[in-house]
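One file, my_file_8.txt, is given below (compact mmCIF, C-alpha atoms).
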# COMPACT_ATOMS: atom_id res chain seq x y z
CA MET T 203 87.05 223.55 35.64
CA THR T 204 87.01 219.94 34.42
CA ARG T 205 88.88 217.59 36.70
CA THR T 206 91.47 215.22 35.28
CA ARG T 207 90.63 211.65 36.22
CA PHE T 208 93.18 209.00 37.05
CA GLU T 209 91.38 205.68 36.95
CA GLY T 210 91.91 202.00 36.29
CA ALA T 211 94.60 199.49 37.19
CA MET T 212 97.67 201.47 38.27
CA THR T 213 100.94 199.94 39.47
CA ALA T 214 102.91 201.16 42.48
CA LEU T 215 106.15 200.25 40.75
CA VAL T 216 109.17 198.85 42.57
CA THR T 217 112.52 200.56 42.07
CA PRO T 218 114.97 197.93 40.75
CA MET T 219 118.48 198.08 42.17
CA ARG T 220 121.80 196.45 41.44
CA ASP T 221 125.06 196.78 43.38
CA GLY T 222 123.55 199.47 45.58
CA ALA T 223 122.35 201.76 42.78
CA VAL T 224 119.13 202.14 40.82
CA ASP T 225 119.10 199.76 37.85
CA TYR T 226 117.76 202.05 35.13
CA ASP T 227 117.91 199.42 32.38
CA ALA T 228 115.69 197.11 34.41
CA LEU T 229 113.41 200.05 35.23
CA THR T 230 112.90 200.78 31.53
CA GLN T 231 112.01 197.15 30.89
CA LEU T 232 109.54 197.11 33.79
CA VAL T 233 107.79 200.23 32.49
CA ASP T 234 107.52 198.73 29.00
CA TRP T 235 106.19 195.42 30.34
CA GLN T 236 103.61 197.14 32.55
CA ILE T 237 102.28 199.20 29.65
CA ALA T 238 102.24 196.25 27.26
CA SER T 239 100.25 194.31 29.87
CA GLY T 240 97.45 196.89 29.91
CA ILE T 241 98.24 198.91 33.04
CA ASP T 242 96.58 202.35 32.99
CA ALA T 243 99.14 204.39 34.98
CA ILE T 244 102.39 203.93 36.90
CA VAL T 245 103.29 205.32 40.31
CA ALA T 246 107.01 206.08 40.42
CA VAL T 247 108.75 206.12 43.81
CA GLY T 248 105.72 205.58 45.96
CA THR T 249 106.27 203.70 49.19
CA THR T 250 106.51 200.42 47.23
CA GLY T 251 109.26 202.13 45.23
CA GLU T 252 111.30 202.50 48.45
CA SER T 253 110.84 206.25 48.63
CA ALA T 254 111.91 206.19 52.28
CA THR T 255 115.44 205.02 51.42
CA LEU T 256 116.13 206.83 48.13
CA ASP T 257 117.75 210.22 48.49
CA VAL T 258 116.02 213.20 46.88
CA ASP T 259 118.20 213.25 43.76
CA GLU T 260 117.65 209.52 43.19
CA HIS T 261 113.92 209.98 43.81
CA ILE T 262 113.58 212.65 41.14
CA ALA T 263 115.87 210.80 38.73
CA VAL T 264 113.64 207.70 38.94
CA VAL T 265 110.51 209.79 38.32
CA GLY T 266 112.13 211.45 35.32
CA HIS T 267 113.34 208.13 33.95
CA CYS T 268 109.84 206.64 34.19
CA VAL T 269 108.44 209.65 32.34
CA LYS T 270 110.95 209.14 29.52
CA ALA T 271 110.44 205.37 29.44
CA ALA T 272 106.65 205.73 29.29
CA ARG T 273 106.86 208.13 26.33
CA GLY T 274 103.37 209.44 27.02
CA ARG T 275 101.72 206.03 26.69
CA VAL T 276 100.38 206.10 30.25
CA PRO T 277 100.47 208.77 32.98
CA ILE T 278 103.32 208.75 35.46
CA ILE T 279 102.20 209.58 38.99
CA ALA T 280 105.10 210.69 41.18
CA GLY T 281 105.20 209.71 44.81
CA ALA T 282 105.90 213.07 46.44
CA GLY T 283 104.77 212.72 50.04
CA GLY T 284 106.68 213.85 53.08
CA ASN T 285 106.09 214.40 56.76
CA ALA T 286 107.15 218.04 56.37
CA THR T 287 105.04 220.22 54.10
CA SER T 288 108.20 221.92 52.82
CA GLU T 289 109.66 218.55 51.79
CA ALA T 290 106.45 217.53 50.04
CA LEU T 291 106.38 220.86 48.21
CA ASP T 292 109.98 220.43 47.05
CA LEU T 293 109.36 216.89 45.79
CA SER T 294 106.18 218.07 44.06
CA LYS T 295 107.86 220.93 42.23
CA ARG T 296 110.84 218.83 41.21
CA SER T 297 108.58 216.01 40.00
CA GLN T 298 106.67 218.54 37.92
CA ASP T 299 109.96 219.78 36.46
CA VAL T 300 110.87 216.28 35.19
CA GLY T 301 107.47 215.76 33.56
CA ALA T 302 105.32 213.88 36.06
CA ASP T 303 101.64 213.86 35.13
CA ALA T 304 100.30 213.78 38.70
CA LEU T 305 101.37 213.49 42.33
CA LEU T 306 100.59 210.91 45.03
CA HIS T 307 100.78 212.42 48.51
CA VAL T 308 100.78 210.13 51.53
CA THR T 309 99.62 211.64 54.80
CA PRO T 310 102.49 213.00 56.92
CA TYR T 311 103.90 210.14 58.96
CA TYR T 312 105.19 209.94 62.53
CA ASN T 313 104.32 213.51 63.56
CA ARG T 314 100.59 212.64 63.33
CA PRO T 315 98.95 215.99 62.50
CA ASN T 316 95.33 216.48 63.47
CA GLN T 317 92.58 216.89 60.87
CA GLU T 318 93.07 220.65 60.54
CA GLY T 319 96.80 220.11 60.13
CA LEU T 320 96.13 217.57 57.38
CA PHE T 321 93.77 219.95 55.61
CA ARG T 322 96.28 222.79 55.70
CA HIS T 323 99.10 220.50 54.51
CA TYR T 324 97.15 219.44 51.43
CA GLU T 325 95.75 222.91 50.88
CA ALA T 326 99.31 224.25 50.66
CA LEU T 327 100.26 221.56 48.14
CA ALA T 328 97.16 222.11 46.01
CA ARG T 329 97.69 225.87 45.88
CA ALA T 330 101.42 225.69 45.13
CA VAL T 331 101.55 223.01 42.40
CA PRO T 332 98.99 222.79 39.57
CA LEU T 333 99.47 219.06 38.89
CA PRO T 334 96.63 216.70 39.79
CA ILE T 335 97.02 215.34 43.32
CA ILE T 336 95.91 211.96 44.65
CA LEU T 337 95.63 211.78 48.43
CA TYR T 338 96.96 208.63 50.10
CA ASN T 339 95.55 207.46 53.42
CA VAL T 340 97.31 204.44 54.94
CA PRO T 341 97.08 204.79 58.72
CA THR T 342 98.63 201.40 59.52
CA ARG T 343 101.88 202.69 58.00
CA THR T 344 101.78 206.36 58.90
CA GLY T 345 100.06 206.43 62.29
CA CYS T 346 97.86 209.17 60.83
CA ASP T 347 94.27 208.70 59.66
CA MET T 348 92.65 211.25 57.35
CA LEU T 349 88.94 211.10 58.15
CA PRO T 350 86.17 211.32 55.54
CA ASP T 351 85.13 214.85 56.56
CA THR T 352 88.66 216.10 55.83
CA ILE T 353 88.74 214.36 52.45
CA VAL T 354 85.36 215.90 51.62
CA ARG T 355 86.76 219.36 52.45
CA LEU T 356 89.76 218.74 50.19
CA ALA T 357 87.49 217.69 47.32
CA ALA T 358 86.75 221.39 46.86
CA PHE T 359 90.18 221.84 45.22
CA ASP T 360 89.99 221.18 41.49
CA ASN T 361 93.46 219.63 41.32
CA ILE T 362 92.82 217.15 44.15
CA VAL T 363 91.39 214.45 41.92
CA GLY T 364 91.45 211.23 43.93
CA VAL T 365 92.20 209.41 47.13
CA LYS T 366 94.09 206.16 47.50
CA GLU T 367 92.00 204.55 50.23
CA ALA T 368 94.17 202.04 52.10
CA THR T 369 92.40 201.71 55.43
CA GLY T 370 90.98 198.32 54.44
CA ASN T 371 87.63 199.57 55.73
CA MET T 372 85.00 199.05 53.07
CA VAL T 373 82.38 200.95 55.08
CA ARG T 374 84.70 203.95 55.02
CA ALA T 375 85.31 203.50 51.30
CA ALA T 376 81.59 203.26 50.59
CA GLU T 377 81.00 206.50 52.48
CA LEU T 378 83.60 208.27 50.35
CA VAL T 379 82.09 206.96 47.11
CA GLN T 380 78.66 208.10 48.20
CA ARG T 381 79.75 211.56 49.37
CA ILE T 382 82.34 212.60 46.78
CA GLY T 383 82.54 209.85 44.17
CA ASP T 384 81.24 212.29 41.57
CA ARG T 385 84.09 214.73 42.29
CA MET T 386 87.05 212.49 43.14
CA ALA T 387 88.21 209.04 42.10
CA ILE T 388 88.04 206.71 45.11
CA ILE T 389 90.90 204.30 44.46
CA SER T 390 91.74 201.10 46.29
CA GLY T 391 95.11 201.12 48.02
CA ASP T 392 94.91 197.45 49.02
CA ASP T 393 94.86 194.78 46.34
CA GLY T 394 92.39 192.69 48.31
CA THR T 395 89.81 195.49 48.37
CA ALA T 396 90.04 196.39 44.67
CA PHE T 397 87.25 194.10 43.45
CA PRO T 398 84.73 194.97 46.19
CA LEU T 399 85.52 198.67 45.82
CA TYR T 400 84.84 198.48 42.08
CA ALA T 401 81.42 197.07 42.92
CA LEU T 402 80.78 200.06 45.19
CA GLY T 403 81.73 202.55 42.48
CA GLY T 404 85.46 202.88 43.07
CA LYS T 405 87.49 204.02 40.08
CA GLY T 406 90.58 201.87 40.23
CA VAL T 407 93.45 200.51 42.26
CA ILE T 408 97.03 201.51 42.95
CA SER T 409 98.35 197.99 43.11
CA VAL T 410 101.36 196.10 44.42
CA VAL T 411 100.42 192.69 42.98
CA SER T 412 100.32 194.20 39.49
CA ASN T 413 104.11 194.47 39.68
CA VAL T 414 104.07 190.69 39.33
CA ASP T 415 100.89 190.06 37.34
CA PRO T 416 99.91 193.30 35.59
CA ALA T 417 97.77 191.61 32.96
CA ARG T 418 95.36 189.99 35.44
CA MET T 419 94.94 193.21 37.41
CA ALA T 420 94.29 195.13 34.20
CA GLN T 421 91.81 192.47 33.09
CA MET T 422 89.98 192.61 36.42
CA TRP T 423 89.43 196.36 36.04
CA ASP T 424 88.44 196.03 32.38
CA ALA T 425 85.93 193.29 33.23
CA ALA T 426 84.41 195.36 36.05
CA VAL T 427 84.04 198.40 33.77
CA ALA T 428 82.35 196.19 31.19
CA GLY T 429 79.94 194.85 33.81
CA ASP T 430 81.36 191.32 33.59
CA TRP T 431 81.43 190.75 37.32
CA ALA T 432 81.95 187.00 37.02
CA ALA T 433 85.19 187.54 35.09
CA ALA T 434 86.33 190.29 37.47
CA ARG T 435 85.62 188.03 40.45
CA SER T 436 87.56 185.19 38.82
CA HIS T 437 90.65 187.39 38.40
CA HIS T 438 90.34 188.56 42.01
CA PHE T 439 90.27 185.02 43.34
CA ALA T 440 93.11 183.92 41.04
CA LEU T 441 95.36 186.58 42.59
CA ARG T 442 94.10 186.45 46.18
CA ALA T 443 96.80 184.16 47.57
CA LEU T 444 99.60 186.16 45.92
CA MET T 445 98.09 189.38 47.24
CA GLU T 446 98.45 188.04 50.76
CA LEU T 447 101.91 186.54 50.29
CA LEU T 448 103.33 189.87 49.10
CA PHE T 449 102.79 191.27 52.60
CA VAL T 450 103.85 188.32 54.78
CA GLU T 451 107.23 190.06 55.16
CA PRO T 452 108.02 193.78 54.80
CA SER T 453 107.09 195.19 51.40
CA PRO T 454 108.47 195.37 48.76
CA ALA T 455 110.79 192.46 49.57
CA PRO T 456 108.32 189.72 48.52
CA THR T 457 107.44 191.59 45.32
CA LYS T 458 111.09 191.99 44.39
CA ALA T 459 111.70 188.31 45.16
CA CYS T 460 108.95 187.39 42.70
CA LEU T 461 110.30 189.67 39.98
CA ALA T 462 113.78 188.26 40.51
CA MET T 463 112.45 184.71 40.12
CA MET T 464 110.81 185.87 36.89
CA GLY T 465 114.16 187.19 35.66
CA LYS T 466 113.10 190.84 35.54
CA ILE T 467 115.23 192.45 38.29
CA ALA T 468 117.91 191.64 40.85
CA ASP T 469 116.67 190.66 44.31
CA GLU T 470 118.11 193.74 45.96
CA LEU T 471 116.63 196.28 48.39
CA ARG T 472 117.77 199.19 50.49
CA SER T 473 118.51 198.56 54.16
CA PRO T 474 116.72 198.19 56.57
CA ILE T 475 114.57 196.04 54.25
CA PHE T 476 116.27 192.82 53.20
CA PRO T 477 115.39 189.90 50.88
CA VAL T 478 112.75 187.46 52.05
CA THR T 479 113.41 184.36 54.12
CA ASP T 480 113.85 180.99 52.43
CA GLY T 481 110.48 179.74 53.68
CA LEU T 482 108.56 182.62 52.11
CA ARG T 483 110.63 182.36 48.94
CA GLN T 484 109.49 178.76 48.50
CA ARG T 485 105.84 179.76 48.99
CA LEU T 486 106.19 182.61 46.50
CA ARG T 487 107.79 180.33 43.92
CA ALA T 488 104.99 177.80 44.31
CA GLU T 489 102.35 180.50 43.81
CA LEU T 490 104.17 181.93 40.81
CA GLY T 491 104.25 178.43 39.37
CA ARG T 492 100.50 178.06 39.89
CA LEU T 493 99.95 181.34 38.05
CA GLY T 494 102.25 180.29 35.22
CA HIS T 495 105.02 182.83 35.80
CA VAL T 496 107.86 180.47 36.72
CA ALA T 497 108.54 176.74 36.68
CA SER T 498 107.26 175.41 40.01

Before we go any further, please render this structure as structure tokens.
Amino acid sequence: MTRTRFEGAMTALVTPMRDGAVDYDALTQLVDWQIASGIDAIVAVGTTGESATLDVDEHIAVVGHCVKAARGRVPIIAGAGGNATSEALDLSKRSQDVGADALLHVTPYYNRPNQEGLFRHYEALARAVPLPIILYNVPTRTGCDMLPDTIVRLAAFDNIVGVKEATGNMVRAAELVQRIGDRMAIISGDDGTAFPLYALGGKGVISVVSNVDPARMAQMWDAAVAGDWAAARSHHFALRALMELLFVEPSPAPTKACLAMMGKIADELRSPIFPVTDGLRQRLRAELGRLGHVAS
């Protein structure tokens, strides 16, 4: 069976909100802008999309809306993770029903399953839902680390097609590329590791900074694929300060602040995440000015 590949510069899209509800008009405009800027795929309602504070009906509605807005131009990858296998299965099946092209499954958080528990969780998902699955390992957020041996075991499933590697450990990432890079796409889950992971043989990034500057992230991937490492490096360094600023305060508050300054969405989040402090807002505006996105 030929595996479906999900590669390139992919955006973990924010979920725009206004007056407490999802702003679907703004969401449509974000999807259009991302595609026009060269982004290769969109993750709908991942953790950057505030999946933790959207209810299930909202979650699925946002996925379905992104599918309709994309109109087949790029794949829509639905965030469908949960810390209960039954919840993850339900989100997976409902995302499939509204037309998602693939699923992103974060490791179960808080309950911290062991490696066998992780394997069985993903095995159940892979057997129950035929859509391509991208694993997501981000232990600093979940308290749960999926080790390389477990990922290698899961690579045996044809519909487990990639892993979003967000440990920040390039030695770990290099091991995965070496061991299973021919069977699964090893994808950066941290903007700052995208460029070095490309050099190791990684196949893309699921990016936060591309919410704000999709064109440069797309150009960095395109340059790396073309072997123009000087251009790819230049794009990496151009975005490096913004990459860091977007995580000075809890994500996605800094990203939404940037998009609001750019006139694309309202600066609104779901509690317990709130808009950024005035000091960070000033730093973000200055960096956006340097990049040419707002008047500094």

Nearby residues (only C-alpha atoms) at most 7 Å from Thr309 of chain T, same-chain spacing under 6 positions excluded, as an MDAnalysis selection string: chainID T and resid 338:339 346

Produce a file of the selected residues containing C-alpha atoms, as a PDB file, in the coordinates of the input.
ATOM      1  CA  TYR T 338      96.960 208.630  50.100  1.00  0.00           C
ATOM      2  CA  ASN T 339      95.550 207.460  53.420  1.00  0.00           C
ATOM      3  CA  CYS T 346      97.860 209.170  60.830  1.00  0.00           C
TER       4      CYS T 346
END

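Closest approach to Ala271 of chain T among T:Leu320, T:Ile382, T:Ala330, T:Ile244: T:Ile244, based on all atoms listed in the file.
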
Pairwise distance for atom CA of Pro477 of chain T and atom CA of Cys460 of chain T, rounded to one decimal in Å: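 Separation of atom CA of Pro477 of chain T and atom CA of Cys460 of chain T: 10.7 Å.
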
Long-range neighbours of Ala214 of chain T as a ChimeraX atom specification, 10 Å cut-off, all atoms listed in the file, 4 positions minimum in chain: /T:243-251,279-281,391,407-413

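Shortest separation to Asp393 of chain T among T:Val365, T:Ala425, T:Met212, T:Val496 occurs at residue T:Met212, atoms counted being all atoms listed in the file.
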
Nearest candidate to Ile262 of chain T (options T:Thr287, T:Thr395, T:Thr230, T:Ser297; using all atoms listed in the file):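 Comparing T:Thr287, T:Thr395, T:Thr230, T:Ser297 against Ile262 of chain T, the winner is T:Ser297.
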
Of the listed residues T:Gln317, T:Asn371, T:Thr255, T:Gln380, that which approaches Pro398 of chain T most closely, counting all atoms listed in the file: T:Asn371

Among the residues T:Val308, T:Ala434, T:Leu378, T:Val373, the one that comes closest to Gly345 of chain T [using all atoms listed in the file]: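 With all atoms listed in the file as the atom set, the closest residue is T:Val308.
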
Atomic distance atom CA of Ala272 of chain T - atom CA of Phe208 of chain T, expressed in Å with one decimal: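 Distance reported for this atom pair: 15.9 Å.
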
Protein, DNA and RNA residues within 12 Å of (109.7, 175.7, 40.7), only C-alpha atoms, as JSON, numbers by chain: {"T": [460, 463, 464, 483, 484, 485, 486, 487, 488, 489, 490, 491, 492, 493, 494, 495, 496, 497, 498]}

Distance criterion (only C-alpha atoms): nearest to Leu349 of chain T out of T:Leu448, T:Ala432, T:Ala375, T:Ala328: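 Among T:Leu448, T:Ala432, T:Ala375, T:Ala328, it is T:Ala375 that comes nearest to Leu349 of chain T.
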
Straight-line distance linking atom CA of Ala376 of chain T with atom CA of Glu209 of chain T, stated in Å to one decimal: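 Atom CA of Ala376 of chain T sits 17.0 Å away from atom CA of Glu209 of chain T.
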
Close residues, Glu451 of chain T itself excluded, 10 Å, all atoms listed in the file, min 2 positions apart in chain, as a list in words: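 In the requested format, the answer is Leu447, Leu448, Phe449, Ser453, Pro454, Ala455, Pro456, Thr457, Ile475, Phe476, Pro477, Val478, Thr479 and Leu482 of chain T.
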